[in-house]
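Q: Here you go, this is upload_25.txt (compact mmCIF, C-alpha atoms).
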```txt
# COMPACT_ATOMS: atom_id res chain seq x y z
CA MET C 226 -40.28 -1.31 -21.89
CA ASP C 227 -43.54 -1.31 -23.91
CA LYS C 228 -43.50 2.47 -24.41
CA LEU C 229 -39.89 2.46 -25.60
CA THR C 230 -40.58 -0.41 -28.00
CA GLU C 231 -43.67 1.35 -29.32
CA TYR C 232 -41.67 4.52 -29.90
CA LEU C 233 -38.87 2.65 -31.70
CA ASN C 234 -41.33 0.74 -33.88
CA ALA C 235 -43.37 3.83 -34.71
CA HIS C 236 -40.42 5.90 -35.95
CA PRO C 237 -37.96 5.27 -38.78
CA HIS C 238 -34.36 5.42 -37.56
CA ASP C 239 -33.81 8.79 -39.21
CA GLU C 240 -36.64 10.21 -37.10
CA LEU C 241 -35.60 8.78 -33.74
CA HIS C 242 -34.63 11.41 -31.22
CA PRO C 243 -32.16 10.56 -28.43
CA THR C 244 -33.91 12.92 -26.02
CA GLU C 245 -37.22 11.08 -26.37
CA ILE C 246 -35.52 7.70 -25.93
CA ALA C 247 -33.73 8.99 -22.81
CA LYS C 248 -37.02 10.33 -21.43
CA LEU C 249 -38.70 6.93 -21.86
CA LEU C 250 -35.75 5.12 -20.27
CA LYS C 251 -35.84 7.36 -17.19
CA ASP C 252 -39.44 6.33 -16.53
CA LEU C 253 -38.47 2.65 -16.15
CA ASP C 254 -37.55 0.82 -12.97
CA GLU C 255 -34.06 -0.67 -12.63
CA LYS C 256 -34.95 -4.13 -13.90
CA SER C 257 -36.88 -2.85 -16.93
CA PHE C 258 -34.18 -0.28 -17.65
CA ASP C 259 -31.47 -2.92 -18.03
CA LYS C 260 -33.60 -4.78 -20.57
CA ALA C 261 -34.74 -1.68 -22.45
CA VAL C 262 -31.20 -0.38 -22.93
CA GLN C 263 -30.56 -3.27 -25.30
CA ALA C 264 -33.25 -1.87 -27.61
CA ILE C 265 -31.41 1.42 -28.17
CA PRO C 266 -30.42 1.70 -31.85
CA LYS C 267 -26.68 1.10 -32.05
CA GLU C 268 -25.94 4.39 -33.82
CA LEU C 269 -27.66 6.32 -30.99
CA ILE C 270 -25.91 4.69 -28.00
CA ALA C 271 -23.59 7.62 -27.32
CA ASP C 272 -26.30 10.22 -27.99
CA VAL C 273 -28.73 8.62 -25.56
CA ALA C 274 -26.04 8.11 -22.91
CA LEU C 275 -25.21 11.82 -23.00
CA GLU C 276 -28.89 12.77 -22.73
CA LEU C 277 -29.41 10.63 -19.63
CA PRO C 278 -28.45 11.80 -16.09
CA ASP C 279 -24.91 10.83 -15.09
CA ARG C 280 -26.06 7.97 -12.86
CA TYR C 281 -27.35 6.07 -15.92
CA PHE C 282 -24.22 6.49 -18.02
CA GLU C 283 -22.39 3.44 -16.71
CA ASP C 284 -25.44 1.19 -17.14
CA VAL C 285 -25.75 2.20 -20.79
CA VAL C 286 -22.12 1.80 -21.83
CA GLU C 287 -21.74 -1.53 -20.02
CA SER C 288 -24.54 -2.95 -22.16
CA PHE C 289 -22.58 -2.62 -25.41
CA THR C 290 -19.21 -3.61 -26.82
CA PRO C 291 -16.42 -1.08 -27.38
CA GLU C 292 -16.90 -1.55 -31.14
CA GLU C 293 -20.58 -0.65 -30.92
CA ILE C 294 -19.86 2.33 -28.71
CA ALA C 295 -17.09 3.56 -31.01
CA LYS C 296 -19.39 3.45 -34.04
CA SER C 297 -22.00 5.54 -32.22
CA VAL C 298 -19.38 8.02 -30.95
CA ALA C 299 -18.20 8.49 -34.54
CA GLU C 300 -21.67 9.90 -35.36
CA LEU C 301 -21.31 12.71 -32.79
CA GLU C 302 -19.95 16.21 -33.24
CA SER C 303 -16.43 16.72 -31.90
CA ASP C 304 -17.53 18.49 -28.70
CA ASP C 305 -19.96 15.69 -27.84
CA GLN C 306 -17.32 13.08 -28.73
CA THR C 307 -14.96 14.69 -26.26
CA ASP C 308 -17.64 14.84 -23.54
CA PHE C 309 -18.47 11.17 -24.07
CA ILE C 310 -14.85 9.99 -23.93
CA GLN C 311 -14.22 12.05 -20.79
CA ASP C 312 -17.36 10.65 -19.11
CA LEU C 313 -16.34 7.15 -20.15
CA GLU C 314 -12.85 7.66 -18.68
CA GLU C 315 -14.46 8.35 -15.31
CA VAL C 316 -16.38 5.06 -15.54
CA ASP C 317 -13.66 2.79 -16.97
CA HIS C 318 -10.40 4.19 -18.29
CA SER C 319 -9.46 0.99 -20.13
CA ILE C 320 -12.76 0.84 -22.06
CA ALA C 321 -12.45 4.55 -22.85
CA LYS C 322 -8.99 3.94 -24.28
CA GLU C 323 -10.25 1.03 -26.36
CA VAL C 324 -13.16 3.07 -27.74
CA PHE C 325 -10.86 6.00 -28.49
CA GLU C 326 -8.42 3.80 -30.40
CA LYS C 327 -11.23 2.47 -32.60
CA LEU C 328 -12.18 5.99 -33.75
CA HIS C 329 -10.92 7.50 -37.00
CA GLU C 330 -7.61 9.33 -36.60
CA ASP C 331 -9.31 12.64 -37.49
CA ASP C 332 -11.81 12.16 -34.64
CA GLN C 333 -8.96 11.24 -32.32
CA ALA C 334 -7.08 14.42 -33.24
CA ASP C 335 -10.18 16.54 -32.60
CA ILE C 336 -10.77 14.96 -29.20
CA LEU C 337 -7.14 15.39 -28.15
CA GLN C 338 -7.26 19.03 -29.24
CA LEU C 339 -10.39 19.78 -27.19
CA LYS C 340 -9.16 17.87 -24.13
CA LYS C 341 -6.22 20.26 -23.86
CA TYR C 342 -8.49 23.03 -22.64
CA ASP C 343 -9.50 23.58 -19.03
CA GLU C 344 -13.17 22.92 -18.29
CA ASP C 345 -13.90 26.63 -17.84
CA GLU C 346 -12.34 27.66 -21.17
CA ALA C 347 -14.33 28.30 -24.32
CA GLY C 348 -12.21 25.86 -26.31
CA ALA C 349 -13.47 22.97 -24.21
CA TYR C 350 -17.02 23.60 -25.44
CA MET C 351 -16.43 24.24 -29.13
CA GLN C 352 -16.91 21.86 -32.02
CA VAL C 353 -14.29 21.94 -34.73
CA GLU C 354 -16.77 21.15 -37.52
CA VAL C 355 -17.53 24.52 -39.08
CA TYR C 356 -18.89 25.55 -42.46
CA THR C 357 -16.41 28.00 -43.95
CA ALA C 358 -15.85 29.67 -47.29
CA ASN C 359 -13.00 31.66 -48.74
CA LEU C 360 -13.35 35.37 -49.49
CA HIS C 361 -12.63 34.71 -53.16
CA HIS C 362 -15.31 32.05 -53.62
CA THR C 363 -18.38 33.08 -55.61
CA VAL C 364 -21.71 32.93 -53.83
CA HIS C 365 -22.96 30.42 -56.41
CA ASP C 366 -20.11 28.03 -55.59
CA VAL C 367 -20.63 28.44 -51.86
CA ILE C 368 -24.34 27.60 -52.04
CA ARG C 369 -23.70 24.63 -54.32
CA GLU C 370 -21.08 23.26 -51.92
CA PHE C 371 -23.34 23.83 -48.93
CA ALA C 372 -26.23 22.03 -50.63
CA GLU C 373 -23.99 19.08 -51.46
CA LEU C 374 -22.79 18.80 -47.84
CA ARG C 375 -26.37 18.93 -46.58
CA ARG C 376 -27.43 16.19 -48.98
CA LYS C 377 -24.64 14.01 -47.61
CA ASP C 378 -25.78 14.90 -44.08
CA GLU C 379 -22.30 16.15 -43.24
CA LEU C 380 -23.59 19.44 -41.81
CA GLU C 381 -26.20 20.18 -39.18
CA ASN C 382 -27.44 23.22 -37.29
CA VAL C 383 -25.82 25.60 -39.77
CA ASN C 384 -27.32 29.05 -40.23
CA TYR C 385 -24.16 31.10 -40.29
CA LEU C 386 -21.28 31.10 -42.78
CA PHE C 387 -17.77 31.80 -41.51
CA VAL C 388 -15.70 33.63 -44.13
CA THR C 389 -11.93 33.20 -43.97
CA ASP C 390 -8.90 34.19 -46.02
CA GLU C 391 -6.27 31.88 -47.52
CA ASN C 392 -4.58 31.45 -44.12
CA ASN C 393 -7.83 30.49 -42.33
CA PHE C 394 -8.00 33.82 -40.49
CA LEU C 395 -11.61 34.65 -39.70
CA ARG C 396 -12.69 37.77 -41.55
CA TYR C 397 -16.48 37.89 -41.63
CA GLY C 398 -19.67 36.08 -40.66
CA VAL C 399 -22.66 35.91 -42.96
CA GLY C 400 -26.11 34.59 -42.06
CA LEU C 401 -27.53 32.22 -44.66
CA ASP C 402 -30.52 34.55 -45.09
CA ASN C 403 -28.11 37.34 -46.09
CA LEU C 404 -26.22 34.96 -48.36
CA LEU C 405 -29.36 34.37 -50.40
CA VAL C 406 -29.71 38.05 -51.32
CA PHE C 407 -26.09 38.41 -52.47
CA ASP C 408 -25.20 38.64 -56.14
CA PHE C 409 -24.52 34.97 -56.93
CA ASP C 410 -22.01 35.79 -59.68
CA LYS C 411 -19.81 37.92 -57.43
CA THR C 412 -17.32 36.71 -54.84
CA LEU C 413 -18.08 36.88 -51.16
CA GLN C 414 -15.54 39.67 -50.79
CA GLU C 415 -17.21 41.76 -53.51
CA ASN C 416 -20.61 41.35 -51.89
CA ILE C 417 -19.37 42.02 -48.37
CA GLU C 418 -17.41 45.14 -49.39
CA GLU C 419 -20.70 46.93 -50.01
CA ASN C 420 -21.29 46.97 -46.23
CA PRO C 421 -18.35 45.30 -44.41
CA GLU C 422 -19.31 46.45 -40.90
CA LYS C 423 -22.57 44.54 -41.16
CA TYR C 424 -20.68 41.27 -41.39
CA LYS C 425 -18.17 41.73 -38.58
CA PRO C 426 -18.70 38.64 -36.40
CA VAL C 427 -18.96 38.51 -32.62
CA VAL C 428 -16.07 36.19 -31.77
CA GLY C 429 -14.75 34.32 -28.78
CA HIS C 430 -11.19 33.20 -28.10
CA ASP C 431 -10.37 29.64 -27.22
CA HIS C 432 -8.97 30.55 -23.80
CA ASP C 433 -11.85 32.91 -22.85
CA ASP C 434 -13.81 32.06 -19.72
CA ILE C 435 -16.92 30.17 -20.83
CA HIS C 436 -19.09 32.38 -18.60
CA ASP C 437 -17.98 35.41 -20.64
CA ILE C 438 -19.00 33.53 -23.78
CA VAL C 439 -22.42 32.84 -22.26
CA LYS C 440 -22.88 36.56 -21.59
CA LYS C 441 -22.02 37.37 -25.21
CA PHE C 442 -24.61 34.88 -26.43
CA GLN C 443 -27.21 36.56 -24.23
CA GLU C 444 -26.18 40.11 -25.12
CA TYR C 445 -26.10 39.57 -28.89
CA ASP C 446 -28.81 36.87 -29.08
CA LEU C 447 -26.50 34.51 -30.97
CA SER C 448 -27.23 31.04 -32.32
CA SER C 449 -23.53 30.25 -32.78
CA MET C 450 -20.19 31.92 -32.20
CA PRO C 451 -16.87 31.43 -34.01
CA ILE C 452 -13.93 30.60 -31.76
CA VAL C 453 -10.47 31.80 -32.79
CA ASP C 454 -6.97 31.59 -31.35
CA ASP C 455 -4.85 34.56 -30.28
CA ARG C 456 -3.86 35.20 -33.91
CA GLY C 457 -7.41 35.15 -35.23
CA VAL C 458 -7.26 31.72 -36.87
CA LEU C 459 -10.68 30.04 -36.89
CA LEU C 460 -10.66 26.95 -34.65
CA GLY C 461 -14.32 26.03 -34.32
CA ARG C 462 -17.69 27.24 -33.09
CA ILE C 463 -19.88 27.12 -30.02
CA THR C 464 -23.59 26.61 -30.61
CA SER C 465 -26.60 27.74 -28.62
CA ASP C 466 -27.47 24.21 -27.43
CA ASP C 467 -24.16 24.08 -25.53
CA ILE C 468 -24.87 27.51 -24.06
CA TYR C 469 -28.31 26.40 -22.84
CA ASP C 470 -26.68 23.44 -21.10
CA ILE C 471 -24.13 25.72 -19.43
CA MET C 472 -26.85 28.13 -18.31
CA ASN C 473 -28.81 25.24 -16.79
CA GLU C 474 -25.68 24.06 -15.00
CA GLN C 475 -25.08 27.57 -13.67
CA ALA C 476 -28.65 27.82 -12.39
CA THR C 477 -28.35 24.41 -10.74
CA ASP C 478 -25.01 25.30 -9.14
CA GLN C 479 -26.53 28.51 -7.84
CA MET C 480 -29.51 26.74 -6.27
CA TYR C 481 -27.28 24.15 -4.65
CA ASN C 482 -24.83 26.75 -3.36
CA LEU C 483 -27.62 28.81 -1.84
CA ALA C 484 -28.76 25.71 0.01
CA GLY C 485 -25.21 24.79 1.06
CA VAL C 486 -25.20 21.67 -1.14
CA ASN C 487 -22.37 20.44 -3.36
CA ASP C 488 -23.71 19.92 -6.88
CA GLU C 489 -21.02 17.38 -7.86
CA ALA C 490 -21.70 15.29 -4.76
CA GLU C 491 -25.45 15.31 -5.39
CA ASP C 492 -25.09 14.12 -8.98
CA VAL C 493 -23.80 10.71 -7.93
CA ASP C 494 -25.33 7.91 -5.86
CA ASP C 495 -22.49 7.93 -3.30
CA LEU C 496 -24.47 8.67 -0.13
CA LEU C 497 -21.32 9.05 1.97
CA LYS C 498 -19.90 11.72 -0.35
CA ALA C 499 -23.19 13.61 -0.50
CA GLY C 500 -23.63 13.31 3.25
CA LYS C 501 -20.15 14.71 3.95
CA ALA C 502 -20.74 17.64 1.62
CA ARG C 503 -23.98 18.53 3.37
CA ALA C 504 -22.52 17.99 6.84
CA VAL C 505 -19.90 20.71 6.30
CA TRP C 506 -22.54 23.42 5.86
CA LEU C 507 -24.73 21.97 8.61
CA ALA C 508 -21.74 22.16 10.96
CA ILE C 509 -21.19 25.81 10.03
CA ASN C 510 -24.90 26.44 10.53
CA LEU C 511 -24.71 24.81 13.96
CA VAL C 512 -21.98 27.23 15.00
CA THR C 513 -24.01 30.21 13.82
CA ALA C 514 -27.11 28.87 15.59
CA ILE C 515 -25.12 28.67 18.82
CA ALA C 516 -24.12 32.31 18.32
CA ALA C 517 -27.79 33.29 18.04
CA SER C 518 -28.59 31.24 21.15
CA MET C 519 -25.87 33.05 23.07
CA VAL C 520 -27.64 36.31 22.33
CA ILE C 521 -30.81 34.82 23.81
CA GLY C 522 -28.79 33.71 26.85
CA ILE C 523 -27.76 37.31 27.53
CA PHE C 524 -31.41 38.17 28.09
CA GLU C 525 -32.32 35.06 30.08
CA GLY C 526 -33.57 37.15 32.97
CA THR C 527 -35.81 39.20 30.70
CA ILE C 528 -37.38 36.06 29.20
CA GLN C 529 -38.00 34.59 32.67
CA SER C 530 -39.71 37.80 33.73
CA TYR C 531 -41.83 37.96 30.60
CA VAL C 532 -42.64 34.47 29.22
CA ALA C 533 -44.60 35.96 26.29
CA LEU C 534 -41.27 36.99 24.76
CA ALA C 535 -40.33 33.33 24.23
CA VAL C 536 -43.59 32.81 22.33
CA LEU C 537 -43.00 35.79 20.03
CA MET C 538 -39.26 35.38 19.39
CA PRO C 539 -39.61 32.84 16.53
CA ILE C 540 -41.88 35.28 14.66
CA VAL C 541 -39.23 38.00 14.62
CA ALA C 542 -36.47 35.60 13.53
CA SER C 543 -38.61 33.91 10.88
CA MET C 544 -39.79 37.15 9.27
CA GLY C 545 -36.25 38.53 9.20
CA GLY C 546 -34.85 35.33 7.69
CA ASN C 547 -37.47 35.16 4.95
CA ALA C 548 -37.16 38.85 4.07
CA GLY C 549 -33.40 38.52 3.88
CA THR C 550 -33.66 35.40 1.70
CA GLN C 551 -35.90 37.31 -0.73
CA SER C 552 -33.31 40.07 -1.13
CA LEU C 553 -30.45 37.60 -1.26
CA THR C 554 -32.06 35.45 -3.96
CA VAL C 555 -32.92 38.43 -6.16
CA VAL C 556 -29.43 39.94 -5.95
CA VAL C 557 -27.59 36.63 -6.46
CA ARG C 558 -29.68 35.87 -9.54
CA GLN C 559 -29.21 39.37 -10.98
CA LEU C 560 -25.47 39.08 -10.46
CA ALA C 561 -25.45 35.73 -12.27
CA LEU C 562 -27.35 37.26 -15.19
CA GLY C 563 -25.04 40.27 -15.32
CA GLU C 564 -27.88 42.69 -14.56
CA ILE C 565 -25.96 44.51 -11.83
CA ALA C 566 -23.03 46.63 -13.02
CA LYS C 567 -19.96 47.34 -10.88
CA HIS C 568 -21.15 50.88 -10.15
CA ASP C 569 -24.71 49.71 -9.44
CA ALA C 570 -24.27 48.43 -5.89
CA TYR C 571 -25.75 51.52 -4.21
CA ARG C 572 -28.92 51.40 -6.33
CA THR C 573 -29.36 47.70 -5.60
CA ILE C 574 -28.92 48.05 -1.84
CA LYS C 575 -31.17 51.12 -1.77
CA LYS C 576 -33.96 49.27 -3.59
CA GLU C 577 -33.83 46.26 -1.26
CA VAL C 578 -33.67 48.41 1.87
CA ILE C 579 -36.72 50.46 0.79
CA LEU C 580 -38.70 47.31 -0.02
CA SER C 581 -37.74 45.70 3.29
CA LEU C 582 -38.53 48.86 5.23
CA ALA C 583 -41.96 49.14 3.60
CA ASN C 584 -42.75 45.50 4.42
CA GLY C 585 -41.29 45.97 7.89
CA LEU C 586 -43.66 48.84 8.64
CA LEU C 587 -46.65 46.93 7.26
CA PHE C 588 -46.02 43.74 9.23
CA ALA C 589 -44.90 45.67 12.31
CA ILE C 590 -48.38 47.16 12.54
CA ILE C 591 -50.02 43.77 11.99
CA ILE C 592 -47.93 41.79 14.52
CA GLY C 593 -47.95 44.70 16.96
CA LEU C 594 -51.75 44.67 17.09
CA ILE C 595 -51.87 40.87 17.29
CA ALA C 596 -49.35 40.76 20.18
CA ALA C 597 -51.07 43.57 22.06
CA ILE C 598 -54.47 41.85 21.84
CA TRP C 599 -53.10 38.33 22.36
CA PHE C 600 -51.24 39.12 25.60
CA ASP C 601 -53.35 42.14 26.58
CA LYS C 602 -50.24 44.30 26.78
CA GLY C 603 -50.00 47.36 24.52
CA MET C 604 -46.30 47.98 25.10
CA LEU C 605 -45.48 44.41 24.11
CA GLY C 606 -47.04 45.19 20.73
CA VAL C 607 -44.82 48.27 20.48
CA VAL C 608 -41.70 46.22 21.29
CA ILE C 609 -42.30 43.54 18.66
CA ALA C 610 -43.35 46.15 16.09
CA LEU C 611 -40.12 48.12 16.53
CA SER C 612 -38.09 44.91 16.45
CA MET C 613 -39.85 43.83 13.25
CA VAL C 614 -38.93 47.09 11.51
CA ILE C 615 -35.30 46.85 12.66
CA ASN C 616 -34.89 43.21 11.65
CA LEU C 617 -36.53 43.50 8.23
CA LEU C 618 -34.51 46.64 7.53
CA SER C 619 -31.27 44.84 8.38
CA ALA C 620 -32.43 41.79 6.37
CA GLY C 621 -32.86 43.90 3.24
CA PHE C 622 -29.53 45.64 3.76
CA PHE C 623 -27.45 42.55 4.47
CA GLY C 624 -29.40 40.37 2.02
CA SER C 625 -28.28 42.67 -0.80
CA MET C 626 -24.86 43.64 0.56
CA ILE C 627 -23.49 40.14 1.32
CA PRO C 628 -23.61 38.78 -2.27
CA LEU C 629 -22.30 42.11 -3.64
CA LEU C 630 -19.40 41.99 -1.20
CA LEU C 631 -18.62 38.35 -2.04
CA LYS C 632 -18.73 39.20 -5.74
CA LYS C 633 -16.26 42.03 -5.19
CA MET C 634 -13.99 39.56 -3.40
CA GLU C 635 -14.30 37.27 -6.48
CA ILE C 636 -16.15 34.61 -4.48
CA ASP C 637 -19.32 32.96 -5.82
CA PRO C 638 -22.07 35.13 -4.25
CA ALA C 639 -24.25 32.08 -3.66
CA ILE C 640 -21.70 30.17 -1.56
CA GLY C 641 -22.27 30.67 2.15
CA SER C 642 -24.56 33.67 1.70
CA THR C 643 -27.55 32.06 3.38
CA VAL C 644 -25.55 30.93 6.41
CA ILE C 645 -24.11 34.41 6.92
CA LEU C 646 -27.47 36.07 6.37
CA THR C 647 -29.36 33.72 8.71
CA THR C 648 -26.84 34.41 11.47
CA ILE C 649 -27.17 38.18 11.07
CA THR C 650 -30.98 38.21 10.94
CA ASP C 651 -31.25 35.89 13.96
CA VAL C 652 -28.76 37.88 16.03
CA VAL C 653 -30.24 41.26 15.05
CA GLY C 654 -33.80 39.97 15.54
CA PHE C 655 -33.23 38.44 18.96
CA PHE C 656 -31.02 41.28 20.19
CA SER C 657 -33.40 44.03 19.08
CA PHE C 658 -36.50 42.26 20.38
CA LEU C 659 -35.10 41.23 23.73
CA GLY C 660 -33.08 44.42 24.12
CA LEU C 661 -36.13 46.62 23.51
CA ALA C 662 -38.19 44.43 25.86
CA THR C 663 -35.56 44.91 28.58
CA LEU C 664 -35.62 48.69 28.12
CA ILE C 665 -39.37 49.15 27.70
CA LEU C 666 -41.10 46.39 29.65
CA LEU C 667 -38.87 45.93 32.70
```
Could you rewrite the structure in this file as structure tokens?

A:
Amino acid sequence: MDKLTEYLNAHPHDELHPTEIAKLLKDLDEKSFDKAVQAIPKELIADVALELPDRYFEDVVESFTPEEIAKSVAELESDDQTDFIQDLEEVDHSIAKEVFEKLHEDDQADILQLKKYDEDEAGAYMQVEVYTANLHHTVHDVIREFAELRRKDELENVNYLFVTDENNFLRYGVGLDNLLVFDFDKTLQENIEENPEKYKPVVGHDHDDIHDIVKKFQEYDLSSMPIVDDRGVLLGRITSDDIYDIMNEQATDQMYNLAGVNDEAEDVDDLLKAGKARAVWLAINLVTAIAASMVIGIFEGTIQSYVALAVLMPIVASMGGNAGTQSLTVVVRQLALGEIAKHDAYRTIKKEVILSLANGLLFAIIIGLIAAIWFDKGMLGVVIALSMVINLLSAGFFGSMIPLLLKKMEIDPAIGSTVILTTITDVVGFFSFLGLATLILL
């Protein structure tokens, strides 16, 4: 609590940052947290609640009255207002309704508009507050109006001017740096007509998939993007801070999916829900492990005749699994970043196979020599060396092919990939090792 108090006392309210307050709150134990929440400046309640992990949200909102919460929500941009109300509805629908009803009717209309969109649509992430100017406005008038709005603190994070016509159809986009070199006595249209192509904006549509919007931000290095409807009417904008949040969520989802973990279940403190989500993939993994064990059972006689095989089997399986995971992780991440084109599958598989083959040959020589010296049997070294090459080669091939195949089937490449890959590398590793041992050693 001392650190939070020190921070609040050391900064004027106009310098307080919700992220810093949230960071200090997260460092507190449960008892201290409940007390410290009361010190949050009332106008920053909603901001801080959104900055904190989901598990803290309920503790924050329960510490304040609906009136206090509503006043802080009114300070947010429309997209954050919508996020807050939706999060509050999950905690307590009646309180959410009460807070919503205390907001200004304009804020209510904005929230209702944004809530109409599905969570994967661009419209759900846009804010309706945009700085626009008409084609027929003079540059001098535009800058004067912009300055006035900034003085009143009614605009933030604005570095791009959306230019519309009389019917609010988006026509152009002008960076504020370009605006400053325009002829101030001419209209925007007169200035833009000198090089109209330069000011054609990169736009998104309100029903576009948000992941396509993210790709556009990355491709064009945007700080904000205008969002229009099917007719071209300007509805709002999406800013880079929202895109960063989405990218972080995508990366988190990908990590969880690769590990067979449900991200939504892990974000809450419900142990039963999280346990069930994990148990599903563990059950699938159990089935695949039994399949690998059945392969070992086929060669039971070989193992009994040559006990050294049982000692070396885990090495083959482990090396194959790790090599496959390397290929799998690289390909899944490249697919998520859009670095692999539809026609690029062959190049990707070829690269991973060559890398796996090279490593397979290197470690085949190493483990072959170790096994031969360890068990004083040269042919045993040959068996495990050949098996190592085969398993790492298959690991590279399947590690790259599985996510590409899932992507083609329009399934998240991260979901289930590791389970499938582990099964293949185990089966191929055990079968090749024990099969070669049966042929060569017995």

Q: Ranking C:Trp506, C:Phe588, C:Tyr397, C:Trp599 by minimum distance to Leu617 (chain C) and counting all atoms listed in the file, which one comes first?

A: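 Nearest to Leu617 (chain C): C:Phe588.
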
Q: Using only C-alpha atoms, determine which residues lie at most 8 Å from region 526-538 of chain C, disregarding the query and same-chain residues fewer than 4 positions distant; provide the list as a PDB file with C-alpha atoms, in the coordinates of the input.

A:
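Dumped to out31.pdb:
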```
ATOM      1  CA  ALA C 542     -36.470  35.600  13.530  1.00  0.00           C
ATOM      2  CA  PHE C 600     -51.240  39.120  25.600  1.00  0.00           C
ATOM      3  CA  ILE C 609     -42.300  43.540  18.660  1.00  0.00           C
ATOM      4  CA  PHE C 655     -33.230  38.440  18.960  1.00  0.00           C
ATOM      5  CA  PHE C 658     -36.500  42.260  20.380  1.00  0.00           C
ATOM      6  CA  LEU C 659     -35.100  41.230  23.730  1.00  0.00           C
ATOM      7  CA  ALA C 662     -38.190  44.430  25.860  1.00  0.00           C
ATOM      8  CA  THR C 663     -35.560  44.910  28.580  1.00  0.00           C
ATOM      9  CA  LEU C 667     -38.870  45.930  32.700  1.00  0.00           C
TER      10      LEU C 667
END
```

Q: Quick one, how far is CA of Leu275 (chain C) from CA of Arg376 (chain C)?

A: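 According to the coordinates, CA of Leu275 (chain C) and CA of Arg376 (chain C) are separated by 26.4 Å.
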
Q: If we count all atoms listed in the file and set the cut-off at 10 Å, which residues sit around Asn547 (chain C), ignoring sequence neighbours fewer than 3 positions away in its own chain? Please answer as a list in words.

A: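 That gives Ala542, Ser543, Met544, Thr550, Gln551, Ser552, Leu553, Leu617, Ala620, Thr647 and Thr650 of chain C.
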
Q: Counting only C-alpha atoms, which residue out of C:Val388, C:Gln352, C:Glu422, C:Leu629 sits closest to Ser465 (chain C)?

A: C:Gln352

Q: Measuring between all atoms listed in the file, which one of C:Val285, C:Pro426, C:His365, C:Val439 shows the shortest distance to Leu404 (chain C)?

A: C:His365

Q: List the spatial neighbours of Lys340 (chain C) as a list in words - criterion: any atom at most 10 Å away, all atoms listed in the file, same-chain residues fewer than 2 positions off excluded.

A: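 Near neighbours after the sequence-gap exclusion: Asp304, Thr307, Asp308, Ile310, Gln311, Ala334, Asp335, Ile336, Leu337, Gln338, Tyr342, Asp343, Glu344, Gly348, Ala349 and Tyr350 of chain C.
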
Q: Extract, using only C-alpha atoms, all DNA, RNA and protein residues at most 12 Å from Met626 (chain C), discarding same-chain residues fewer than 3 positions from it, and format them as a PyMOL selection string.

A: chain C and resi 549+552-557+560+569-578+619-623+629-633+638+642+645-646

Q: With distances taken over only C-alpha atoms, which residue among C:Asp305, C:Val653, C:Leu507, C:Ala516 lies nearest Asp467 (chain C)?

A: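 Among the listed residues, C:Asp305 lies closest to Asp467 (chain C).
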
Q: Here is a test: counting all atoms listed in the file, which residue of C:Gly563, C:Gly641, C:Gly585, C:Pro266 is nearest to Leu241 (chain C)?

A: C:Pro266

Q: Rank C:Arg503, C:Lys425, C:Arg396, C:Lys498 by their smallest atom-to-atom distance to Gly457 (chain C), using all atoms listed in the file, and report the top residue only.

A: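 For Gly457 (chain C), the nearest of the given residues is C:Arg396.
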
Q: Write out as a list in words each polymer residue whose atoms come within 6 Å of Val399 (chain C), counting all atoms listed in the file; drop sequence neighbours fewer than 5 positions from it.

A: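 My reading of the contact set: Tyr385, Leu386 and Tyr424 of chain C.
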
Q: Should you be able to, write region 295-317 of chain C of this structure into a file that contains C-alpha atoms, as a PDB file, in the first residue's frame.

A:
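Printed below is selection_10.pdb as written:
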```
ATOM      1  CA  ALA C 295     -20.302   5.564 -14.190  1.00  0.00           C
ATOM      2  CA  LYS C 296     -18.371   8.824 -13.820  1.00  0.00           C
ATOM      3  CA  SER C 297     -15.084   7.040 -14.513  1.00  0.00           C
ATOM      4  CA  VAL C 298     -16.555   5.126 -17.483  1.00  0.00           C
ATOM      5  CA  ALA C 299     -17.683   8.447 -18.964  1.00  0.00           C
ATOM      6  CA  GLU C 300     -13.989   9.448 -19.193  1.00  0.00           C
ATOM      7  CA  LEU C 301     -13.154   6.474 -21.451  1.00  0.00           C
ATOM      8  CA  GLU C 302     -13.173   6.253 -25.227  1.00  0.00           C
ATOM      9  CA  SER C 303     -16.189   4.454 -26.689  1.00  0.00           C
ATOM     10  CA  ASP C 304     -14.338   1.181 -27.368  1.00  0.00           C
ATOM     11  CA  ASP C 305     -13.056   1.026 -23.788  1.00  0.00           C
ATOM     12  CA  GLN C 306     -16.501   1.976 -22.460  1.00  0.00           C
ATOM     13  CA  THR C 307     -17.972  -0.967 -24.327  1.00  0.00           C
ATOM     14  CA  ASP C 308     -15.273  -3.344 -23.052  1.00  0.00           C
ATOM     15  CA  PHE C 309     -15.866  -2.197 -19.482  1.00  0.00           C
ATOM     16  CA  ILE C 310     -19.655  -2.581 -19.630  1.00  0.00           C
ATOM     17  CA  GLN C 311     -19.317  -6.043 -21.190  1.00  0.00           C
ATOM     18  CA  ASP C 312     -16.814  -7.125 -18.515  1.00  0.00           C
ATOM     19  CA  LEU C 313     -19.093  -5.717 -15.826  1.00  0.00           C
ATOM     20  CA  GLU C 314     -22.072  -7.633 -17.253  1.00  0.00           C
ATOM     21  CA  GLU C 315     -20.129 -10.860 -16.729  1.00  0.00           C
ATOM     22  CA  VAL C 316     -19.554  -9.936 -13.077  1.00  0.00           C
ATOM     23  CA  ASP C 317     -22.982  -8.518 -12.190  1.00  0.00           C
TER      24      ASP C 317
END
```
